[in-house]
file data-v2.cif (mmCIF, C-alpha atoms, pLDDT in the B column; chains and numbers go by the auth columns)
data_model
#
loop_
_atom_site.group_PDB
_atom_site.id
_atom_site.type_symbol
_atom_site.label_atom_id
_atom_site.label_comp_id
_atom_site.label_asym_id
_atom_site.label_seq_id
_atom_site.Cartn_x
_atom_site.Cartn_y
_atom_site.Cartn_z
_atom_site.B_iso_or_equiv
_atom_site.auth_seq_id
_atom_site.auth_asym_id
ATOM 1 C CA MET A 1 68.974 59.821 15.897 78.00 1 A
ATOM 2 C CA LEU A 2 65.659 58.716 17.416 80.00 2 A
ATOM 3 C CA ASP A 3 66.834 55.086 17.413 82.00 3 A
ATOM 4 C CA ALA A 4 70.095 56.049 19.081 80.00 4 A
ATOM 5 C CA LEU A 5 68.291 58.020 21.778 77.00 5 A
ATOM 6 C CA ASN A 6 65.867 55.163 22.431 80.00 6 A
ATOM 7 C CA ASN A 7 68.767 52.692 22.792 79.00 7 A
ATOM 8 C CA THR A 8 70.495 55.037 25.269 79.00 8 A
ATOM 9 C CA LEU A 9 67.328 55.386 27.325 78.00 9 A
ATOM 10 C CA ARG A 10 66.893 51.588 27.443 80.00 10 A
ATOM 11 C CA LEU A 11 70.479 51.127 28.628 78.00 11 A
ATOM 12 C CA LEU A 12 70.043 53.731 31.346 75.00 12 A
ATOM 13 C CA ALA A 13 66.777 52.160 32.504 74.00 13 A
ATOM 14 C CA GLY A 14 68.464 48.774 32.745 72.00 14 A
ATOM 15 C CA MET A 15 71.359 50.145 34.761 71.00 15 A
ATOM 16 C CA THR A 16 68.948 51.819 37.198 63.00 16 A
ATOM 17 C CA GLN A 17 66.954 48.604 37.720 62.00 17 A
ATOM 18 C CA ASN A 18 70.124 46.608 38.431 59.00 18 A
ATOM 19 C CA GLN A 19 71.150 48.915 41.266 58.00 19 A
ATOM 20 C CA ASN A 20 70.143 48.163 44.878 54.00 20 A
ATOM 21 C CA PRO A 21 67.060 50.336 45.544 54.00 21 A
ATOM 22 C CA SER A 22 67.619 50.461 49.287 53.00 22 A
ATOM 23 C CA ALA A 23 71.244 51.551 48.872 47.00 23 A
ATOM 24 C CA ALA A 24 70.276 54.178 46.341 49.00 24 A
ATOM 25 C CA ALA A 25 67.572 55.588 48.586 52.00 25 A
ATOM 26 C CA ALA A 26 69.684 55.636 51.748 52.00 26 A
ATOM 27 C CA PRO A 27 70.676 59.234 52.523 53.00 27 A
ATOM 28 C CA ALA A 28 74.234 60.102 53.397 53.00 28 A
ATOM 29 C CA PRO A 29 74.849 60.049 57.149 52.00 29 A
ATOM 30 C CA LEU A 30 74.690 63.481 58.707 51.00 30 A
ATOM 31 C CA THR A 31 77.056 64.596 61.410 51.00 31 A
ATOM 32 C CA VAL A 32 74.940 66.497 63.922 49.00 32 A
ATOM 33 C CA ALA A 33 76.646 68.509 66.633 49.00 33 A
ATOM 34 C CA SER A 34 75.445 67.672 70.087 49.00 34 A
ATOM 35 C CA ALA A 35 72.996 70.267 71.342 52.00 35 A
ATOM 36 C CA THR A 36 73.555 69.357 74.949 54.00 36 A
ATOM 37 C CA LYS A 37 75.770 71.510 77.116 53.00 37 A
ATOM 38 C CA PRO A 38 78.972 70.027 78.537 54.00 38 A
ATOM 39 C CA LYS A 39 78.558 68.714 82.021 59.00 39 A
ATOM 40 C CA ASN A 40 79.625 71.166 84.688 62.00 40 A
ATOM 41 C CA ASP A 41 81.908 69.330 87.104 73.00 41 A
ATOM 42 C CA LEU A 42 82.594 72.347 89.305 79.00 42 A
ATOM 43 C CA LYS A 43 81.789 71.820 92.963 86.00 43 A
ATOM 44 C CA PRO A 44 81.766 75.292 94.512 90.00 44 A
ATOM 45 C CA SER A 45 81.435 75.657 98.240 92.00 45 A
ATOM 46 C CA PRO A 46 77.917 76.612 99.367 93.00 46 A
ATOM 47 C CA PRO A 47 77.473 79.749 101.455 94.00 47 A
ATOM 48 C CA PRO A 48 77.979 79.442 105.213 94.00 48 A
ATOM 49 C CA ASN A 49 75.024 79.256 107.557 96.00 49 A
ATOM 50 C CA PHE A 50 73.804 82.780 108.216 96.00 50 A
ATOM 51 C CA ASP A 51 72.654 83.950 111.640 96.00 51 A
ATOM 52 C CA GLY A 52 71.569 87.488 110.759 94.00 52 A
ATOM 53 C CA ASP A 53 74.790 89.279 111.713 94.00 53 A
ATOM 54 C CA ARG A 54 74.770 92.516 109.713 92.00 54 A
ATOM 55 C CA GLN A 55 78.537 92.394 109.332 89.00 55 A
ATOM 56 C CA LYS A 56 78.208 89.072 107.488 93.00 56 A
ATOM 57 C CA GLY A 57 75.182 89.879 105.342 94.00 57 A
ATOM 58 C CA ARG A 58 77.089 91.185 102.331 91.00 58 A
ATOM 59 C CA GLY A 59 79.391 88.158 102.318 93.00 59 A
ATOM 60 C CA PHE A 60 76.438 85.763 102.471 96.00 60 A
ATOM 61 C CA ILE A 61 74.720 87.319 99.457 95.00 61 A
ATOM 62 C CA ASN A 62 77.985 87.388 97.498 94.00 62 A
ATOM 63 C CA SER A 63 78.533 83.680 98.244 95.00 63 A
ATOM 64 C CA CYS A 64 75.042 82.847 96.988 96.00 64 A
ATOM 65 C CA GLN A 65 75.494 84.775 93.763 95.00 65 A
ATOM 66 C CA ALA A 66 78.890 83.181 93.117 95.00 66 A
ATOM 67 C CA TYR A 67 77.301 79.736 93.510 95.00 67 A
ATOM 68 C CA PHE A 68 74.501 80.661 91.081 95.00 68 A
ATOM 69 C CA ARG A 69 77.022 81.715 88.434 94.00 69 A
ATOM 70 C CA LEU A 70 79.080 78.538 88.771 93.00 70 A
ATOM 71 C CA ARG A 71 76.095 76.159 88.811 93.00 71 A
ATOM 72 C CA PRO A 72 73.361 77.826 86.736 93.00 72 A
ATOM 73 C CA ASP A 73 71.944 74.419 85.747 92.00 73 A
ATOM 74 C CA ASN A 74 70.788 73.897 89.343 93.00 74 A
ATOM 75 C CA PHE A 75 68.641 77.040 89.423 95.00 75 A
ATOM 76 C CA PRO A 76 66.034 77.166 86.638 94.00 76 A
ATOM 77 C CA ASP A 77 64.238 80.200 88.111 95.00 77 A
ATOM 78 C CA ASP A 78 64.499 82.919 90.755 96.00 78 A
ATOM 79 C CA GLN A 79 62.186 81.204 93.210 95.00 79 A
ATOM 80 C CA THR A 80 64.547 78.228 93.331 96.00 80 A
ATOM 81 C CA LYS A 81 67.417 80.596 94.127 96.00 81 A
ATOM 82 C CA ILE A 82 65.424 82.237 96.914 96.00 82 A
ATOM 83 C CA GLN A 83 64.329 79.001 98.568 96.00 83 A
ATOM 84 C CA TRP A 84 67.858 77.576 98.319 97.00 84 A
ATOM 85 C CA ALA A 85 69.387 80.674 99.933 97.00 85 A
ATOM 86 C CA MET A 86 66.836 80.609 102.740 96.00 86 A
ATOM 87 C CA THR A 87 67.814 77.056 103.692 96.00 87 A
ATOM 88 C CA PHE A 88 71.098 78.519 104.983 97.00 88 A
ATOM 89 C CA MET A 89 69.288 81.131 107.098 96.00 89 A
ATOM 90 C CA ASN A 90 68.846 78.736 109.975 94.00 90 A
ATOM 91 C CA GLN A 91 70.208 80.600 112.989 94.00 91 A
ATOM 92 C CA GLY A 92 69.517 83.720 115.041 95.00 92 A
ATOM 93 C CA ARG A 93 67.740 86.690 113.477 95.00 93 A
ATOM 94 C CA ALA A 94 67.983 85.181 110.008 96.00 94 A
ATOM 95 C CA GLN A 95 66.021 82.109 111.082 96.00 95 A
ATOM 96 C CA LYS A 96 63.314 84.239 112.662 96.00 96 A
ATOM 97 C CA TRP A 97 63.057 86.313 109.472 96.00 97 A
ATOM 98 C CA ALA A 98 62.754 83.184 107.327 95.00 98 A
ATOM 99 C CA ASN A 99 60.143 81.707 109.680 96.00 99 A
ATOM 100 C CA ARG A 100 57.974 84.826 109.320 95.00 100 A
ATOM 101 C CA ILE A 101 58.083 84.458 105.554 95.00 101 A
ATOM 102 C CA TYR A 102 57.170 80.766 105.651 94.00 102 A
ATOM 103 C CA GLN A 103 54.347 81.569 108.057 94.00 103 A
ATOM 104 C CA TRP A 104 53.015 84.226 105.673 94.00 104 A
ATOM 105 C CA GLU A 105 53.082 81.753 102.782 92.00 105 A
ATOM 106 C CA SER A 106 51.209 79.132 104.847 92.00 106 A
ATOM 107 C CA ILE A 107 48.185 81.386 105.378 93.00 107 A
ATOM 108 C CA PRO A 108 45.302 80.086 103.204 93.00 108 A
ATOM 109 C CA ALA A 109 44.583 83.572 101.912 93.00 109 A
ATOM 110 C CA ASN A 110 48.113 83.722 100.491 90.00 110 A
ATOM 111 C CA ALA A 111 48.001 80.323 98.805 88.00 111 A
ATOM 112 C CA GLY A 112 49.827 80.493 95.495 86.00 112 A
ATOM 113 C CA ALA A 113 51.133 84.021 96.160 92.00 113 A
ATOM 114 C CA LEU A 114 54.849 84.784 96.092 92.00 114 A
ATOM 115 C CA TYR A 115 56.366 86.735 98.965 95.00 115 A
ATOM 116 C CA PHE A 116 59.315 87.752 96.774 95.00 116 A
ATOM 117 C CA VAL A 117 58.750 88.718 93.156 94.00 117 A
ATOM 118 C CA ASP A 118 62.233 87.632 92.049 95.00 118 A
ATOM 119 C CA TRP A 119 65.813 87.359 93.236 95.00 119 A
ATOM 120 C CA ASP A 120 66.371 91.109 92.982 95.00 120 A
ATOM 121 C CA ASP A 121 63.395 91.683 95.278 95.00 121 A
ATOM 122 C CA PHE A 122 64.757 89.156 97.783 96.00 122 A
ATOM 123 C CA ARG A 123 68.215 90.734 97.660 94.00 123 A
ATOM 124 C CA SER A 124 66.782 94.220 98.169 93.00 124 A
ATOM 125 C CA ARG A 125 64.798 93.208 101.278 95.00 125 A
ATOM 126 C CA PHE A 126 67.740 91.183 102.554 95.00 126 A
ATOM 127 C CA ARG A 127 69.982 94.236 102.203 91.00 127 A
ATOM 128 C CA THR A 128 67.560 96.332 104.268 91.00 128 A
ATOM 129 C CA GLU A 129 67.336 93.684 106.976 94.00 129 A
ATOM 130 C CA PHE A 130 70.887 92.328 107.192 94.00 130 A
ATOM 131 C CA PHE A 131 73.363 94.860 105.788 91.00 131 A
ATOM 132 C CA PRO A 132 75.120 97.298 108.156 87.00 132 A
ATOM 133 C CA LEU A 133 72.998 100.294 109.104 86.00 133 A
ATOM 134 C CA HIS A 134 74.091 103.677 107.773 85.00 134 A
ATOM 135 C CA SER A 135 77.289 102.192 106.358 83.00 135 A
ATOM 136 C CA ASP A 136 77.734 105.188 104.045 86.00 136 A
ATOM 137 C CA ALA A 137 77.657 107.693 106.920 90.00 137 A
ATOM 138 C CA ALA A 138 79.964 105.570 109.064 88.00 138 A
ATOM 139 C CA ALA A 139 82.473 105.191 106.213 91.00 139 A
ATOM 140 C CA THR A 140 82.388 108.913 105.459 92.00 140 A
ATOM 141 C CA ASN A 141 82.995 109.769 109.111 93.00 141 A
ATOM 142 C CA ARG A 142 86.006 107.451 109.246 93.00 142 A
ATOM 143 C CA LEU A 143 87.474 108.951 106.089 94.00 143 A
ATOM 144 C CA GLU A 144 87.095 112.434 107.562 93.00 144 A
ATOM 145 C CA GLY A 145 89.012 111.417 110.675 94.00 145 A
ATOM 146 C CA THR A 146 92.289 109.633 111.272 94.00 146 A
ATOM 147 C CA GLY A 147 91.026 106.243 112.375 93.00 147 A
ATOM 148 C CA TYR A 148 91.587 104.687 108.957 95.00 148 A
ATOM 149 C CA PHE A 149 95.283 105.691 108.725 96.00 149 A
ATOM 150 C CA GLN A 150 97.809 102.994 107.840 95.00 150 A
ATOM 151 C CA SER A 151 99.770 103.182 111.085 92.00 151 A
ATOM 152 C CA ARG A 152 101.795 99.968 111.508 91.00 152 A
ATOM 153 C CA ARG A 153 99.870 97.953 108.979 93.00 153 A
ATOM 154 C CA THR A 154 101.213 96.932 105.599 93.00 154 A
ATOM 155 C CA VAL A 155 99.963 98.807 102.561 95.00 155 A
ATOM 156 C CA ASP A 156 98.061 95.673 101.501 95.00 156 A
ATOM 157 C CA ASP A 157 96.069 95.599 104.754 95.00 157 A
ATOM 158 C CA TYR A 158 95.561 99.348 104.688 96.00 158 A
ATOM 159 C CA LEU A 159 94.382 99.236 101.070 96.00 159 A
ATOM 160 C CA ASP A 160 91.840 96.481 101.745 95.00 160 A
ATOM 161 C CA ASP A 161 90.265 98.586 104.504 94.00 161 A
ATOM 162 C CA PHE A 162 90.471 101.745 102.397 96.00 162 A
ATOM 163 C CA ARG A 163 88.716 100.172 99.387 95.00 163 A
ATOM 164 C CA ASP A 164 85.825 99.059 101.602 91.00 164 A
ATOM 165 C CA LEU A 165 85.488 102.564 103.047 93.00 165 A
ATOM 166 C CA ILE A 166 85.450 104.136 99.584 94.00 166 A
ATOM 167 C CA SER A 167 82.829 101.646 98.389 90.00 167 A
ATOM 168 C CA ASP A 168 80.593 102.197 101.429 88.00 168 A
ATOM 169 C CA SER A 169 80.978 105.972 101.417 91.00 169 A
ATOM 170 C CA GLY A 170 79.990 106.312 97.786 89.00 170 A
ATOM 171 C CA TYR A 171 82.977 108.493 96.868 93.00 171 A
ATOM 172 C CA THR A 172 83.569 108.414 93.102 94.00 172 A
ATOM 173 C CA ASP A 173 85.701 111.479 92.379 95.00 173 A
ATOM 174 C CA PRO A 174 89.223 110.138 91.628 96.00 174 A
ATOM 175 C CA LYS A 175 90.935 113.265 92.952 96.00 175 A
ATOM 176 C CA THR A 176 89.159 112.933 96.303 96.00 176 A
ATOM 177 C CA ILE A 177 90.009 109.231 96.506 96.00 177 A
ATOM 178 C CA VAL A 178 93.698 109.884 95.839 96.00 178 A
ATOM 179 C CA VAL A 179 93.789 112.664 98.452 96.00 179 A
ATOM 180 C CA LYS A 180 92.184 110.409 101.075 97.00 180 A
ATOM 181 C CA PHE A 181 94.470 107.508 100.231 97.00 181 A
ATOM 182 C CA ARG A 182 97.614 109.633 100.286 96.00 182 A
ATOM 183 C CA ARG A 183 96.558 111.265 103.547 96.00 183 A
ATOM 184 C CA GLY A 184 96.231 107.901 105.271 96.00 184 A
ATOM 185 C CA LEU A 185 99.528 106.465 104.021 96.00 185 A
ATOM 186 C CA ASN A 186 102.580 106.449 106.229 95.00 186 A
ATOM 187 C CA PRO A 187 104.498 109.669 105.454 95.00 187 A
ATOM 188 C CA THR A 188 107.603 107.846 104.234 94.00 188 A
ATOM 189 C CA ILE A 189 105.610 105.898 101.639 95.00 189 A
ATOM 190 C CA ALA A 190 103.432 108.860 100.633 95.00 190 A
ATOM 191 C CA ASP A 191 106.517 111.035 100.143 95.00 191 A
ATOM 192 C CA ALA A 192 108.303 108.330 98.168 95.00 192 A
ATOM 193 C CA VAL A 193 105.363 107.987 95.774 95.00 193 A
ATOM 194 C CA ALA A 194 104.893 111.744 95.408 94.00 194 A
ATOM 195 C CA THR A 195 108.595 112.358 94.649 93.00 195 A
ATOM 196 C CA MET A 196 109.177 109.470 92.234 92.00 196 A
ATOM 197 C CA ALA A 197 111.646 110.605 89.572 88.00 197 A
ATOM 198 C CA ALA A 198 109.961 108.475 86.903 89.00 198 A
ATOM 199 C CA GLY A 199 106.555 106.891 86.675 90.00 199 A
ATOM 200 C CA ARG A 200 104.929 109.054 89.311 94.00 200 A
ATOM 201 C CA PRO A 201 101.198 108.200 89.382 95.00 201 A
ATOM 202 C CA ASP A 202 98.757 110.832 88.263 95.00 202 A
ATOM 203 C CA ASP A 203 96.686 112.455 90.999 94.00 203 A
ATOM 204 C CA LEU A 204 93.542 111.449 89.090 96.00 204 A
ATOM 205 C CA ASP A 205 94.468 107.753 88.966 96.00 205 A
ATOM 206 C CA PRO A 206 93.782 105.957 92.272 96.00 206 A
ATOM 207 C CA GLU A 207 94.773 102.545 90.929 96.00 207 A
ATOM 208 C CA ALA A 208 98.204 103.848 89.931 96.00 208 A
ATOM 209 C CA TRP A 209 98.669 105.249 93.445 97.00 209 A
ATOM 210 C CA TYR A 210 97.673 101.901 94.947 96.00 210 A
ATOM 211 C CA GLU A 211 100.199 100.012 92.819 96.00 211 A
ATOM 212 C CA ALA A 212 103.020 102.486 93.489 96.00 212 A
ATOM 213 C CA ALA A 213 102.414 102.437 97.252 96.00 213 A
ATOM 214 C CA ILE A 214 102.410 98.621 97.350 96.00 214 A
ATOM 215 C CA ARG A 215 105.625 98.478 95.324 94.00 215 A
ATOM 216 C CA ILE A 216 107.424 100.960 97.566 95.00 216 A
ATOM 217 C CA ASP A 217 106.191 99.219 100.727 94.00 217 A
ATOM 218 C CA GLN A 218 107.524 95.892 99.441 93.00 218 A
ATOM 219 C CA ASN A 219 110.848 97.473 98.480 92.00 219 A
ATOM 220 C CA GLN A 220 111.222 99.008 101.936 90.00 220 A
ATOM 221 C CA ALA A 221 110.425 95.671 103.564 90.00 221 A
ATOM 222 C CA ALA A 222 112.989 93.893 101.396 92.00 222 A
ATOM 223 C CA ASN A 223 115.591 96.556 102.194 90.00 223 A
ATOM 224 C CA ALA A 224 114.884 96.257 105.939 89.00 224 A
ATOM 225 C CA ALA A 225 115.245 92.470 105.712 89.00 225 A
ATOM 226 C CA PHE A 226 118.606 92.907 103.929 90.00 226 A
#

call {"tool": "encode", "arguments": {"input": "data-v2.cif", "output": "structure tokens"}}
result
Amino acid sequence: MLDALNNTLRLLAGMTQNQNPSAAAAPAPLTVASATKPKNDLKPSPPPNFDGDRQKGRGFINSCQAYFRLRPDNFPDDQTKIQWAMTFMNQGRAQKWANRIYQWESIPANAGALYFVDWDDFRSRFRTEFFPLHSDAAATNRLEGTGYFQSRRTVDDYLDDFRDLISDSGYTDPKTIVVKFRRGLNPTIADAVATMAAGRPDDLDPEAWYEAAIRIDQNQAANAAF
């Protein structure tokens, strides 16, 4: 048995020596998934130049934030976002505001200091400076009057204006929103929605009222065209 084992070991040793050492030592190729992110080919439109008009302030900030979301690779930190946004504040009151900030940063005593802590800080100060004044009170006053009524507008146009008023006023109670919306609708459309035989929207569901009013307005327009 010992002789047989020794012969087997000698045969195995010979087979190992005859093999190519470099081929035996070469590890199997590994397939490694690429760790790089796919290239973003989106080319979103940059925000328009901003002149400080309070009626355009909200739109300017929204345009900036949309660009950040679509091209996050271009903005490694908040300070880059802030400086990029300020390059578009190059007219009117906005330019004067930006110049005051650059002047503050150029003072030797403020060397290395940041005027804005982060993007949220910039957005908060921008809102104070360039958003409409007392927009909540103005929206509430309009909703308490009749100036927001649909009149000769389509329901789509009326709804766009109504949504902005609700957002600015801060109303959140669905019953109140439905009452205000129904009150401003043209009576023929409001009555048609309220007396629907099937699928009448609940008085606690503003979105259902919006959809029903749009549908009825479109049906009336199609009937008038016929």

call {"tool": "closest_residue", "arguments": {"input": "data-v2.cif", "among": "A:Gly199, A:Pro76, A:Gly145, A:Pro206", "to": "Phe181 (chain A)", "atoms": "all atoms listed in the file"}}
result
A:Pro206

call {"tool": "atom_distance", "arguments": {"input": "data-v2.cif", "atom1": "CA of Phe131 (chain A)", "atom2": "CA of Ile107 (chain A)"}}
result
28.6 Å

call {"tool": "residues_around", "arguments": {"input": "data-v2.cif", "residues": "Arg69 (chain A)", "least_positions_apart": "5", "cutoff": "12 Å", "atoms": "all atoms listed in the file", "output": "PyMOL selection string"}}
result
chain A and resi 40+42-44+62-64+74-75+81

call {"tool": "write_last_selection", "arguments": {"input": "data-v2.cif", "atoms": "C-alpha atoms", "output": "mmCIF file, in the frame of the given file"}}
result
data_model
loop_
_atom_site.group_PDB
_atom_site.id
_atom_site.type_symbol
_atom_site.label_atom_id
_atom_site.label_comp_id
_atom_site.auth_asym_id
_atom_site.auth_seq_id
_atom_site.Cartn_x
_atom_site.Cartn_y
_atom_site.Cartn_z
ATOM 1 C CA ASN A 40 79.625 71.166 84.688
ATOM 2 C CA LEU A 42 82.594 72.347 89.305
ATOM 3 C CA LYS A 43 81.789 71.820 92.963
ATOM 4 C CA PRO A 44 81.766 75.292 94.512
ATOM 5 C CA ASN A 62 77.985 87.388 97.498
ATOM 6 C CA SER A 63 78.533 83.680 98.244
ATOM 7 C CA CYS A 64 75.042 82.847 96.988
ATOM 8 C CA ASN A 74 70.788 73.897 89.343
ATOM 9 C CA PHE A 75 68.641 77.040 89.423
ATOM 10 C CA LYS A 81 67.417 80.596 94.127
#

call {"tool": "resolve_selection", "arguments": {"input": "data-v2.cif", "expression": "the PyMOL selection byres ((chain A and resi 184) around 10)", "output": "ChimeraX atom specification"}}
result
/A:143,145-151,158-159,162,178-183,185-187,190

call {"tool": "residues_around", "arguments": {"input": "data-v2.cif", "residues": "Ala94 (chain A)", "least_positions_apart": "4", "cutoff": "8 Å", "atoms": "all atoms listed in the file", "output": "mmCIF file with C-alpha atoms, keeping the file's coordinate frame"}}
result
data_model
loop_
_atom_site.group_PDB
_atom_site.id
_atom_site.type_symbol
_atom_site.label_atom_id
_atom_site.label_comp_id
_atom_site.auth_asym_id
_atom_site.auth_seq_id
_atom_site.Cartn_x
_atom_site.Cartn_y
_atom_site.Cartn_z
ATOM 1 C CA PHE A 50 73.804 82.780 108.216
ATOM 2 C CA ASP A 51 72.654 83.950 111.640
ATOM 3 C CA GLY A 52 71.569 87.488 110.759
ATOM 4 C CA MET A 89 69.288 81.131 107.098
ATOM 5 C CA ASN A 90 68.846 78.736 109.975
ATOM 6 C CA ALA A 98 62.754 83.184 107.327
#
